[in-house]
Amino acid sequence: MGIKVLRMPYEWYFCAMVINAAQLCELLQGELVGNGEEKIYGPSQIDAGIPGTVTFLANLKYEEYAYTTGASVLIVSRDFQPRTPLKASMIRVDDVYGAMMTLLEKFGKNGTPEPGISKLAVIGDQFQSGMNVSIGPYTVIEKSVTLGNNSILFPQVFVGHDTSIGDDVIIYPGARIYPNSIIGNRCIIHSNAVIGCDGFGYKPDENGHYTKINHVGKVWLEDDVEIGANTVIDRGTLTVTKIGKGTKIDNLVQIAHNVIIGEDTVIAAQAGIAGSSSIGSQARIGGQVGIAGHIHLADRIEIQAQSGVHTGKYPEGSRIFGYPAIQYMDYLKSYAVFKQLPEYTKRIEELEKQIAELKKNLT
Amino acid sequence: MGIKVLRMPYEWYFCAMVINAAQLCELLQGELVGNGEEKIYGPSQIDAGIPGTVTFLANLKYEEYAYTTGASVLIVSRDFQPRTPLKASMIRVDDVYGAMMTLLEKFGKNGTPEPGISKLAVIGDQFQSGMNVSIGPYTVIEKSVTLGNNSILFPQVFVGHDTSIGDDVIIYPGARIYPNSIIGNRCIIHSNAVIGCDGFGYKPDENGHYTKINHVGKVWLEDDVEIGANTVIDRGTLTVTKIGKGTKIDNLVQIAHNVIIGEDTVIAAQAGIAGSSSIGSQARIGGQVGIAGHIHLADRIEIQAQSGVHTGKYPEGSRIFGYPAIQYMDYLKSYAVFKQLPEYTKRIEELEKQIAELKKNLT
Amino acid sequence: MGIKVLRMPYEWYFCAMVINAAQLCELLQGELVGNGEEKIYGPSQIDAGIPGTVTFLANLKYEEYAYTTGASVLIVSRDFQPRTPLKASMIRVDDVYGAMMTLLEKFGKNGTPEPGISKLAVIGDQFQSGMNVSIGPYTVIEKSVTLGNNSILFPQVFVGHDTSIGDDVIIYPGARIYPNSIIGNRCIIHSNAVIGCDGFGYKPDENGHYTKINHVGKVWLEDDVEIGANTVIDRGTLTVTKIGKGTKIDNLVQIAHNVIIGEDTVIAAQAGIAGSSSIGSQARIGGQVGIAGHIHLADRIEIQAQSGVHTGKYPEGSRIFGYPAIQYMDYLKSYAVFKQLPEYTKRIEELEKQIAELKKNLT
């Protein structure tokens with residue numbers, strides 16, 4: 001089976017279903033222009049479109065590809081008028097992006113495990129399970145854990161004691177949940193993420209040796225939170241590290257102890273937030289951003305990738321950049337001059353020379 | 001059990017013990033001002049203090065909260081004199097921070113596994129075990145491994161062959177120890193950390209293809225080292241990558257092959273140290289710092305978060321910042337000007353105009 | 001066994017074989033100057049050379065150590081003429097670096113598991129296995145997976161359904177391969193790396209809530225790719241995230257959805273590449289570099305550590321640096337001025353004062 005894939009063009013790997021253009025059109029409630037018999041094996045990107053696939057023109061910036069794509073079917077918006085005839089069949093829809101999501105949902109569902117608790121899972125006392133759960137082999141659940149309805153624990157997951165996991169949660173292989181965590185409904189936790197480990201806190205003595213501060217708080221993920229692979233969220237020192245409803249966190253992100261994040265905020269890969277800081281709702285944090293400890297950011301802050309944020313004093317909705325971060329446009333303007341600084345050196349030297357000459361001439 | 005937690009205020013989750021204010025006072029050898037009958041269910045932060053909790057005024061910067069906190073008991077230093085009466089009962093102690101640590105220790109102990117070796121662990125030949133060890137299910141130990149007294153290997157850990165682990169070590173679920181590692185006494189290794197994997201070393205040929213250099217060295221963690229979740233420490237090429245006694249490393253840190261780190265150094269999350277560099281003792285490395293390869297830093301260096309360190313030529317105890325890093329205050333002063341650079345452009349242009357005019361007037 | 005190691009000097013841990021200087025010389029086809037009976041227990045670095053070890057003078061920059069090293073045998077190039085007599089025996093070879101690699105191969109081979117499929121592995125239906133494979137305990141393989149000849153899955157690995165793994169592949173403990181991945185021949189995947197997880201893509205609605213975009217693509221690692229510990233590679237949205245033949249990726253790297261990387265490129269630790277970008281062949285990406293989404297970099301680009309790359313408009317072979325990245329030397333020149341900016345402030349103020357005086361004197 002699998003080995004055959006290697007001998008096929010890589011784009012042809014969606015064979016879970018075959019559909020023809022007319023059926024596809026009906027599914028999307030669109031309007032077909034072209035051959036309804038054309039068979040579709042999967043989706044593809046417009047610039048790499050392959051015969052037997054369906055692709056999308058969601059952004060007119062890419063219109064040129066509409067005329068050259070090899071895909072068999074192109075989904076466009078109702079009002080799209082091609083400048084020259086297309087090779088592909090066209091399906092006109094109200095919402096191209098929405099149609100794409102419908103199709104991805106249809107074509108691409110990864111197999112989820114069957115409900116059932118593997119005999120090879122280890123489950124502690126006082127386990128409270130909802131209906132229809134799936135627990136994979138080699139998963140370990142310590143005592144006094146609650147798991148909601150329809151939730152899936154893939155193989156090789158660890159869930160510490162006194163943890164509460166809501167309904168419709170998916171936890172991928174190798175994720176580790178330390179004790180006392182709270183995982184809301186519909187949360188998704190990717191492989192090898194670590195939730196609830198000790199905060200990085202020590203008390204130095206007079207000789208510079210460090211004594212570990214016992215962290216007794218916990219992590220609370222509200223509903224609809226997604227946590228990327230290999231991301232780490234430390235538990236609170238005394239109370240809680242909390243990720244607000246609907247917030248999405250990418251891979252390899254560090255969230256330190258006591259951090260509070262609002263709702264519907266997105267945090268890109270490899271960003272790090274130091275201890276006891278807070279971020280508002282609907283913020284957008286770029287990749288590799290660093291946020292210092294004990295600062296409090298307003299809602300809807302947008303932080304450009306790699307910025308270093310050392311203060312919370314930015315108005316709501318600010319877009320910031322730099323190290324330390326300043327207003328986005330200010331950083332760009334300053335950096336534009338930075339690039340010319342060697343030139344400025346010459347200009348200042350020239351000014352100094354001319355002034356010296358002027359003064360000499362005047363005396 | 002667990003599910004009920006979701007219906008309680010999140011701060012009320014420390015029900016492992018209940019203690020009243022008078023008992024608490026005795027425990028801390030303090031002096032009580034207020035109601036000794038007040039029941040305490042756990043600690044809380046002073047700014048989020050909740051009835052039924054004990055909180056701390058360790059830093060007078062937060063004194064204002066002492067008057068407004070909802071916590072039932074407030075721990076203060078012997079010499080603290082409130083400006084107005086407190087709502088909370090007060091316990092006066094010699095060392096507020098020390099009292100807090102005592103309490104965290106008392107309230108917050110996560111359950112540690114019972115001693116014993118799970119039948120579901122796989123243990124190789126020539127295993128030498130100390131007394132009182134705990135080895136969880138689905139942990140794999142290759143051949144010729146030594147494990148000291150009272151050490152805990154949580155479930156799902158991997159320990160490569162010929163590894164030596166000291167006494168009182170804790171290794172959390174999913175940590176991976178490659179072969180030949182040495183783990184000192186009282187080390188703590190958090191979930192999904194990887195110790196001893198291959199260094200990133202290749203020999204390019206004339207066509208630009210890379211041949212892997214076999215790394216035959218090892219990782220040596222001295223006593224009292226803590227390694228954060230998802231941190232990676234590569235083994236030495238020929239000899240050793242060594243982390244000195246008492247050094248603490250946060251989450252998601254990269255330590256490359258042959259790196260030598262001194263004692264009682266702290267390294268914050270997502271910092272990275274390239275191959276064959278060394279760091280002294282009692283250094284403080286900020287989050288997301290990058291340190292280039294083959295450089296040697298003196299003791300007690302303090303590196304601000306996100307800095308890039310390209311040379312070891314800083315005096316002992318320096319505080320450095322920037323990219324590449326310079327002295328901390330120098331960076332801040334230069335950056336203060338950087339922010340005004342567009343303004344400087346105008347000033348230089350104005351100077352040039354005025355000089356030109358002066359010269360014109362003089363001829 | 002193991003515990004004894006702690007009582008020996010740390011460099012003495014290569015006791016897998018003992019060889020004398022004459023045998024070593026023969027192995028390397030070199031020319032011996034000194035005592036052929038000298039026993040060698042392992043390799044060491046020249047600056048930390050220990051009796052009973054062999055070390056290397058591969059770079060004349062380190063020549064001084066040749067005279068002081070405590071190692072018993074020193075490997076040098078055919079034409080090396082010591083200025084003063086060496087304490088160590090000398091073996092002259094044509095290619096010192098090549099000799100070192102031969103020795104590392106000989107001394108340092110980590111034990112690889114015996115071929116065989118553990119009874120404690122869980123293997124799904126329609127598994128196609130090559131000859132001579134090794135599958136460790138607590139590894140889980142979902143349905144319809146193909147595994148090539150001589151490939152090794154260490155313990156605690158997860159392989160999702162419909163994944164194809166080539167010949168001579170090594171996957172270390174705790175690596176997670178999401179479904180539908182393609183892993184080429186001779187690939188190496190280190191512990192806790194995650195291959196093929198969901199891309200970070202959401203569609204915001206009018207209220208700022210995010211709906212997850214189903215990612216139906218896959219990850220394709222071509223032949224001879226190495227992936228470091230705790231690195232994450234997201235799968236494509238529609239098609240593929242692809243790592244070209246011979247490319248080597250270090251630890252804790254983030255490769256987002258739809259990224260395409262050429263052949264024989266090296267990417268150092270903690271670098272991150274955002275969605276839909278591409279990198280050419282024989283590029284060298286430094287540690288902690290960030291590359292923005294949707295940009296396309298030419299072949300043989302060299303990016304200095306921590307740089308931020310926001311555009312693809314650099315000529316082939318460029319060496320770039322900065323945030324945002326500019327030509328390497330340009331950044332260094334500008335940064336040299338940056339460090340003097342407070343001085344420049346004074347110079348500009350002085351110029352302004354002098355001009356004002358001149359103007360005053362002239363009126």
# chains A, B, ... in the order shown; residues from 1 in each chain; ligands from 1

$ select_by_dssp --residues "region 111-221 of chain C" --states "strand (DSSP E or B)" --output "number ranges by chain"
C: 116-117, 122-123, 128-129, 134-135, 140-141, 146-147, 152-153, 158-159, 164-165, 170-171, 176-177, 182-183, 188-189, 194-197, 202-204, 210-212, 218-221

$ write_last_selection --atoms "N, CA, C and O atoms" --output "short mmCIF file (atom, residue, chain, number, x, y, z; two decimals), in the first residue's frame"
data_model
loop_
_atom_site.label_atom_id
_atom_site.label_comp_id
_atom_site.auth_asym_id
_atom_site.auth_seq_id
_atom_site.Cartn_x
_atom_site.Cartn_y
_atom_site.Cartn_z
N GLY C 116 14.41 -7.18 14.83
CA GLY C 116 13.31 -7.91 15.48
C GLY C 116 12.22 -6.94 15.87
O GLY C 116 12.46 -5.75 16.04
N ILE C 117 11.01 -7.46 15.94
CA ILE C 117 9.86 -6.63 16.27
C ILE C 117 9.42 -6.99 17.68
O ILE C 117 9.07 -8.14 17.96
N VAL C 122 2.79 -2.09 19.17
CA VAL C 122 1.44 -2.26 18.62
C VAL C 122 1.50 -1.90 17.14
O VAL C 122 1.90 -0.80 16.79
N ILE C 123 1.11 -2.85 16.31
CA ILE C 123 1.27 -2.66 14.87
C ILE C 123 -0.08 -2.87 14.19
O ILE C 123 -0.72 -3.89 14.37
N GLN C 128 3.48 -3.30 5.99
CA GLN C 128 4.42 -3.92 5.06
C GLN C 128 5.83 -3.67 5.56
O GLN C 128 6.29 -2.53 5.56
N SER C 129 6.51 -4.73 5.93
CA SER C 129 7.82 -4.56 6.51
C SER C 129 8.91 -5.09 5.60
O SER C 129 8.78 -6.16 5.01
N SER C 134 14.01 -3.28 12.95
CA SER C 134 13.94 -3.36 14.40
C SER C 134 12.84 -2.41 14.88
O SER C 134 12.82 -1.23 14.50
N ILE C 135 11.92 -2.94 15.68
CA ILE C 135 10.85 -2.11 16.22
C ILE C 135 10.82 -2.32 17.73
O ILE C 135 10.64 -3.44 18.20
N VAL C 140 4.10 2.47 18.55
CA VAL C 140 2.77 2.25 17.99
C VAL C 140 2.80 2.61 16.50
O VAL C 140 3.23 3.70 16.13
N ILE C 141 2.36 1.68 15.69
CA ILE C 141 2.28 1.90 14.24
C ILE C 141 0.82 1.74 13.84
O ILE C 141 0.23 0.67 14.05
N THR C 146 4.26 1.40 5.73
CA THR C 146 5.32 0.64 5.08
C THR C 146 6.65 1.00 5.70
O THR C 146 6.93 2.18 5.90
N LEU C 147 7.47 -0.01 5.99
CA LEU C 147 8.78 0.23 6.60
C LEU C 147 9.82 -0.51 5.77
O LEU C 147 9.71 -1.71 5.54
N ILE C 152 15.17 1.15 11.68
CA ILE C 152 15.06 0.99 13.13
C ILE C 152 14.05 1.98 13.69
O ILE C 152 14.20 3.19 13.52
N LEU C 153 13.02 1.46 14.32
CA LEU C 153 12.14 2.31 15.12
C LEU C 153 12.46 2.00 16.58
O LEU C 153 12.19 0.91 17.07
N PHE C 158 5.81 6.86 17.59
CA PHE C 158 4.46 6.78 17.03
C PHE C 158 4.53 7.03 15.53
O PHE C 158 5.10 8.03 15.08
N VAL C 159 3.90 6.13 14.76
CA VAL C 159 3.84 6.30 13.31
C VAL C 159 2.38 6.26 12.89
O VAL C 159 1.70 5.24 13.03
N SER C 164 4.82 6.10 4.88
CA SER C 164 5.79 5.26 4.17
C SER C 164 7.19 5.64 4.63
O SER C 164 7.59 6.80 4.54
N ILE C 165 7.92 4.67 5.14
CA ILE C 165 9.28 4.90 5.65
C ILE C 165 10.24 4.05 4.84
O ILE C 165 10.00 2.86 4.64
N ILE C 170 16.53 5.60 10.75
CA ILE C 170 16.57 5.46 12.22
C ILE C 170 15.62 6.49 12.83
O ILE C 170 15.74 7.68 12.55
N ILE C 171 14.68 6.02 13.62
CA ILE C 171 13.78 6.94 14.32
C ILE C 171 13.94 6.70 15.82
O ILE C 171 13.69 5.61 16.32
N ARG C 176 7.37 11.43 16.82
CA ARG C 176 5.96 11.21 16.45
C ARG C 176 5.80 11.56 14.97
O ARG C 176 6.10 12.69 14.57
N ILE C 177 5.30 10.61 14.22
CA ILE C 177 5.06 10.83 12.80
C ILE C 177 3.55 10.82 12.60
O ILE C 177 2.91 9.79 12.80
N ILE C 182 5.79 10.78 4.38
CA ILE C 182 6.73 10.02 3.55
C ILE C 182 8.15 10.30 4.06
O ILE C 182 8.59 11.45 4.07
N ILE C 183 8.81 9.25 4.47
CA ILE C 183 10.16 9.37 5.02
C ILE C 183 11.10 8.61 4.09
O ILE C 183 10.95 7.39 3.94
N ILE C 188 17.26 10.16 9.38
CA ILE C 188 17.41 9.99 10.82
C ILE C 188 16.49 11.00 11.50
O ILE C 188 16.53 12.18 11.16
N ILE C 189 15.66 10.54 12.41
CA ILE C 189 14.75 11.45 13.13
C ILE C 189 15.02 11.28 14.62
O ILE C 189 14.87 10.19 15.16
N VAL C 194 8.59 15.99 15.96
CA VAL C 194 7.20 15.78 15.53
C VAL C 194 7.11 16.12 14.05
O VAL C 194 7.42 17.23 13.64
N ILE C 195 6.67 15.15 13.28
CA ILE C 195 6.64 15.29 11.82
C ILE C 195 5.18 15.21 11.37
O ILE C 195 4.51 14.23 11.66
N GLY C 196 4.72 16.26 10.71
CA GLY C 196 3.42 16.15 10.05
C GLY C 196 2.23 16.62 10.85
O GLY C 196 1.08 16.32 10.50
N CYS C 197 2.46 17.40 11.92
CA CYS C 197 1.29 17.88 12.66
C CYS C 197 0.60 19.01 11.88
O CYS C 197 1.10 19.50 10.88
N TYR C 202 -6.06 29.23 10.60
CA TYR C 202 -7.42 29.41 11.10
C TYR C 202 -8.09 30.48 10.26
O TYR C 202 -7.45 31.38 9.73
N LYS C 203 -9.41 30.39 10.19
CA LYS C 203 -10.18 31.43 9.51
C LYS C 203 -10.91 32.23 10.57
O LYS C 203 -11.74 31.68 11.30
N PRO C 204 -10.61 33.52 10.70
CA PRO C 204 -11.32 34.32 11.71
C PRO C 204 -12.72 34.69 11.21
O PRO C 204 -12.91 34.96 10.03
N TYR C 210 -11.74 32.08 15.86
CA TYR C 210 -11.02 31.36 14.81
C TYR C 210 -11.61 29.98 14.59
O TYR C 210 -11.87 29.24 15.53
N THR C 211 -11.80 29.64 13.32
CA THR C 211 -12.17 28.28 12.95
C THR C 211 -10.95 27.60 12.36
O THR C 211 -10.27 28.17 11.49
N LYS C 212 -10.69 26.40 12.81
CA LYS C 212 -9.52 25.65 12.35
C LYS C 212 -9.65 25.27 10.88
O LYS C 212 -10.69 24.78 10.45
N LYS C 218 0.73 16.72 3.57
CA LYS C 218 1.61 15.80 4.29
C LYS C 218 3.02 16.36 4.38
O LYS C 218 3.31 17.43 3.87
N VAL C 219 3.88 15.63 5.06
CA VAL C 219 5.31 15.95 5.07
C VAL C 219 6.04 14.91 4.24
O VAL C 219 5.76 13.71 4.34
N TRP C 220 6.97 15.37 3.43
CA TRP C 220 7.81 14.48 2.66
C TRP C 220 9.28 14.80 2.97
O TRP C 220 9.75 15.89 2.62
N LEU C 221 9.94 13.88 3.61
CA LEU C 221 11.39 13.99 3.78
C LEU C 221 12.05 13.16 2.69
O LEU C 221 11.84 11.94 2.61
#

$ interface_residues --of "chain A" --to "chain B" --cutoff "8 Å" --atoms "only C-alpha atoms" --output "ChimeraX atom specification"
/A:122,126,128,138,140,144-146,156,158,161-165,174,176,179,182,192,194,197,200,208-210,213-217,230,232,238-240,252,254,270,272,290,308,330-331,333-335,337-338,347-348,351,354-355,358

$ residues_around --residues "Gly312 (chain B)" --least-positions-apart "6" --cutoff "6 Å" --atoms "only C-alpha atoms" --output "list in words"
Ile295, His296 and Leu297 of chain B

$ write_last_selection --atoms "all heavy atoms" --output "compact mmCIF listing (two decimals), in the first residue's frame"
# COMPACT_ATOMS: atom_id res chain seq x y z
N ILE B 295 33.10 30.14 21.71
CA ILE B 295 33.47 31.31 22.52
C ILE B 295 33.38 30.95 23.99
O ILE B 295 32.69 30.01 24.38
CB ILE B 295 32.60 32.55 22.20
CG1 ILE B 295 31.16 32.34 22.64
CG2 ILE B 295 32.68 32.92 20.74
CD1 ILE B 295 30.33 33.59 22.49
N HIS B 296 34.08 31.72 24.81
CA HIS B 296 34.23 31.36 26.22
C HIS B 296 33.90 32.57 27.08
O HIS B 296 34.58 33.58 27.02
CB HIS B 296 35.64 30.85 26.47
CG HIS B 296 35.96 29.69 25.58
ND1 HIS B 296 35.42 28.44 25.77
CD2 HIS B 296 36.68 29.62 24.43
CE1 HIS B 296 35.81 27.64 24.80
NE2 HIS B 296 36.57 28.32 23.97
N LEU B 297 32.84 32.44 27.84
CA LEU B 297 32.34 33.57 28.63
C LEU B 297 32.79 33.44 30.09
O LEU B 297 32.81 32.34 30.65
CB LEU B 297 30.82 33.61 28.56
CG LEU B 297 30.27 34.01 27.18
CD1 LEU B 297 28.81 33.64 27.04
CD2 LEU B 297 30.46 35.51 26.95

$ residues_around --residues "Arg92 (chain A)" --least-positions-apart "6" --cutoff "12 Å" --atoms "only C-alpha atoms" --output "ChimeraX atom specification"
/A:21,24-26,28-34,56-58,73-82,99

$ write_last_selection --atoms "N, CA, C and O atoms" --output "short mmCIF file (atom, residue, chain, number, x, y, z; two decimals), in the first residue's frame"
data_model
loop_
_atom_site.label_atom_id
_atom_site.label_comp_id
_atom_site.auth_asym_id
_atom_site.auth_seq_id
_atom_site.Cartn_x
_atom_site.Cartn_y
_atom_site.Cartn_z
N ALA A 21 -16.82 16.35 -11.06
CA ALA A 21 -16.99 17.80 -10.96
C ALA A 21 -18.45 18.19 -10.68
O ALA A 21 -18.71 19.12 -9.91
N LEU A 24 -19.17 17.54 -7.06
CA LEU A 24 -18.45 18.54 -6.29
C LEU A 24 -19.24 19.85 -6.29
O LEU A 24 -19.42 20.51 -5.26
N CYS A 25 -19.75 20.21 -7.45
CA CYS A 25 -20.50 21.45 -7.62
C CYS A 25 -21.75 21.43 -6.75
O CYS A 25 -22.07 22.41 -6.09
N GLU A 26 -22.39 20.28 -6.73
CA GLU A 26 -23.60 20.14 -5.93
C GLU A 26 -23.27 20.29 -4.44
O GLU A 26 -23.97 20.98 -3.69
N LEU A 28 -20.95 21.92 -3.12
CA LEU A 28 -20.59 23.31 -2.77
C LEU A 28 -21.72 24.28 -3.10
O LEU A 28 -21.56 25.49 -2.94
N GLN A 29 -22.82 23.75 -3.61
CA GLN A 29 -23.95 24.59 -4.05
C GLN A 29 -23.48 25.70 -4.97
O GLN A 29 -23.80 26.87 -4.81
N GLY A 30 -22.65 25.30 -5.95
CA GLY A 30 -22.09 26.26 -6.88
C GLY A 30 -22.71 26.14 -8.26
O GLY A 30 -23.76 25.49 -8.45
N GLU A 31 -22.04 26.75 -9.21
CA GLU A 31 -22.52 26.77 -10.59
C GLU A 31 -21.35 26.28 -11.46
O GLU A 31 -20.27 26.88 -11.43
N LEU A 32 -21.59 25.20 -12.20
CA LEU A 32 -20.49 24.57 -12.94
C LEU A 32 -20.40 25.13 -14.36
O LEU A 32 -21.40 25.21 -15.07
N VAL A 33 -19.19 25.46 -14.76
CA VAL A 33 -18.92 25.81 -16.15
C VAL A 33 -17.88 24.84 -16.65
O VAL A 33 -16.71 24.94 -16.29
N GLY A 34 -18.30 23.86 -17.47
CA GLY A 34 -17.32 22.88 -17.97
C GLY A 34 -17.84 21.47 -17.82
O GLY A 34 -19.06 21.25 -17.68
N PHE A 56 -8.30 26.42 -6.16
CA PHE A 56 -9.08 27.56 -5.69
C PHE A 56 -8.45 28.87 -6.13
O PHE A 56 -7.24 29.03 -6.04
N LEU A 57 -9.26 29.79 -6.56
CA LEU A 57 -8.78 31.15 -6.76
C LEU A 57 -9.46 32.02 -5.71
O LEU A 57 -10.54 32.56 -5.93
N ALA A 58 -8.80 32.12 -4.55
CA ALA A 58 -9.42 32.83 -3.43
C ALA A 58 -8.97 34.29 -3.41
O ALA A 58 -9.64 35.15 -2.86
N VAL A 73 -10.35 21.24 -11.99
CA VAL A 73 -11.47 22.09 -11.60
C VAL A 73 -10.92 23.27 -10.78
O VAL A 73 -10.07 23.09 -9.92
N LEU A 74 -11.45 24.45 -11.09
CA LEU A 74 -11.04 25.65 -10.39
C LEU A 74 -12.27 26.27 -9.73
O LEU A 74 -13.27 26.53 -10.41
N ILE A 75 -12.20 26.51 -8.46
CA ILE A 75 -13.31 27.13 -7.75
C ILE A 75 -13.06 28.64 -7.70
O ILE A 75 -11.98 29.09 -7.30
N VAL A 76 -14.04 29.40 -8.13
CA VAL A 76 -13.91 30.86 -8.19
C VAL A 76 -15.15 31.49 -7.57
O VAL A 76 -16.15 30.83 -7.33
N SER A 77 -15.08 32.79 -7.36
CA SER A 77 -16.24 33.47 -6.79
C SER A 77 -17.27 33.75 -7.89
O SER A 77 -16.94 33.78 -9.08
N ARG A 78 -18.51 33.97 -7.48
CA ARG A 78 -19.62 34.14 -8.42
C ARG A 78 -19.33 35.19 -9.48
O ARG A 78 -19.74 35.09 -10.61
N ASP A 79 -18.64 36.24 -9.07
CA ASP A 79 -18.47 37.37 -9.99
C ASP A 79 -17.17 37.32 -10.78
O ASP A 79 -16.84 38.26 -11.48
N PHE A 80 -16.45 36.22 -10.70
CA PHE A 80 -15.17 36.15 -11.41
C PHE A 80 -15.42 35.99 -12.91
O PHE A 80 -16.14 35.11 -13.35
N GLN A 81 -14.79 36.86 -13.70
CA GLN A 81 -14.89 36.77 -15.15
C GLN A 81 -13.51 36.56 -15.72
O GLN A 81 -12.69 37.48 -15.74
N PRO A 82 -13.21 35.37 -16.23
CA PRO A 82 -11.88 35.14 -16.78
C PRO A 82 -11.62 36.04 -17.99
O PRO A 82 -12.52 36.27 -18.80
N ALA A 99 -15.73 27.42 0.70
CA ALA A 99 -15.81 26.19 -0.10
C ALA A 99 -14.55 25.36 0.08
O ALA A 99 -14.60 24.14 0.20
#

$ closest_residue --among "C:Arg300, C:His294, C:Lys353, C:Lys143" --to "Ala274 (chain C)" --atoms "only C-alpha atoms"
C:His294

$ atom_distance --atom1 "CA of Ser276 (chain A)" --atom2 "CA of Ile255 (chain A)"
9.7 Å

$ closest_residue --among "C:Ala325, C:Val54, C:Ala121, C:Val225" --to "Asp168 (chain C)" --atoms "only C-alpha atoms"
C:Val225

$ atom_distance --atom1 "CA of Gly201 (chain C)" --atom2 "CA of Val309 (chain A)"
24.6 Å

$ select_by_dssp --residues "region 91-319 of chain A" --states "alpha helix (DSSP H)" --output "list in words"
Val96, Tyr97, Gly98, Ala99, Met100, Met101, Thr102, Leu103, Leu104, Glu105, Lys106, Phe107 and Gly108 of chain A

$ atom_distance --atom1 "CA of Gly244 (chain B)" --atom2 "CA of Asn180 (chain B)"
17.6 Å

$ residues_around --residues "Gly184 (chain A)" --least-positions-apart "6" --cutoff "6 Å" --atoms "only C-alpha atoms" --output "tab-separated table (two decimals) with N, CA, C and O atoms, in the first residue's frame"
chain	number	residue	atom	x	y	z
A	166	GLY	N	-12.14	18.17	29.36
A	166	GLY	CA	-13.52	18.37	28.94
A	166	GLY	C	-13.98	17.45	27.82
A	166	GLY	O	-13.37	16.42	27.54
A	221	LEU	N	-6.55	25.55	30.60
A	221	LEU	CA	-6.88	25.89	29.22
A	221	LEU	C	-8.39	26.01	29.13
A	221	LEU	O	-9.11	25.04	29.40
A	222	GLU	N	-8.88	27.17	28.77
A	222	GLU	CA	-10.33	27.32	28.58
A	222	GLU	C	-10.77	26.57	27.30
A	222	GLU	O	-9.96	25.98	26.61
A	223	ASP	N	-12.05	26.66	26.99
A	223	ASP	CA	-12.56	25.93	25.83
A	223	ASP	C	-11.91	26.39	24.52
A	223	ASP	O	-11.52	27.55	24.37

$ residues_around --residues "Tyr65 (chain C)" --least-positions-apart "4" --cutoff "7 Å" --atoms "only C-alpha atoms" --output "tab-separated table (two decimals) with all heavy atoms, in the first residue's frame"
chain	number	residue	atom	x	y	z
C	46	ILE	N	42.24	17.89	21.77
C	46	ILE	CA	43.67	18.16	21.91
C	46	ILE	C	43.96	19.02	23.14
C	46	ILE	O	44.98	18.83	23.81
C	46	ILE	CB	44.23	18.79	20.61
C	46	ILE	CG1	45.76	18.81	20.64
C	46	ILE	CG2	43.65	20.19	20.38
C	46	ILE	CD1	46.40	19.11	19.29
C	47	ASP	N	43.04	19.92	23.47
C	47	ASP	CA	43.31	20.80	24.62
C	47	ASP	C	42.97	20.14	25.95
C	47	ASP	O	43.26	20.68	27.00
C	47	ASP	CB	42.54	22.12	24.47
C	47	ASP	CG	41.06	21.89	24.33
C	47	ASP	OD1	40.65	20.77	23.96
C	47	ASP	OD2	40.29	22.82	24.58
C	69	THR	N	49.70	18.72	25.01
C	69	THR	CA	48.62	17.74	25.26
C	69	THR	C	49.12	16.54	26.04
C	69	THR	O	50.25	16.08	25.84
C	69	THR	CB	47.97	17.28	23.94
C	69	THR	OG1	46.87	16.44	24.28
C	69	THR	CG2	48.95	16.49	23.07
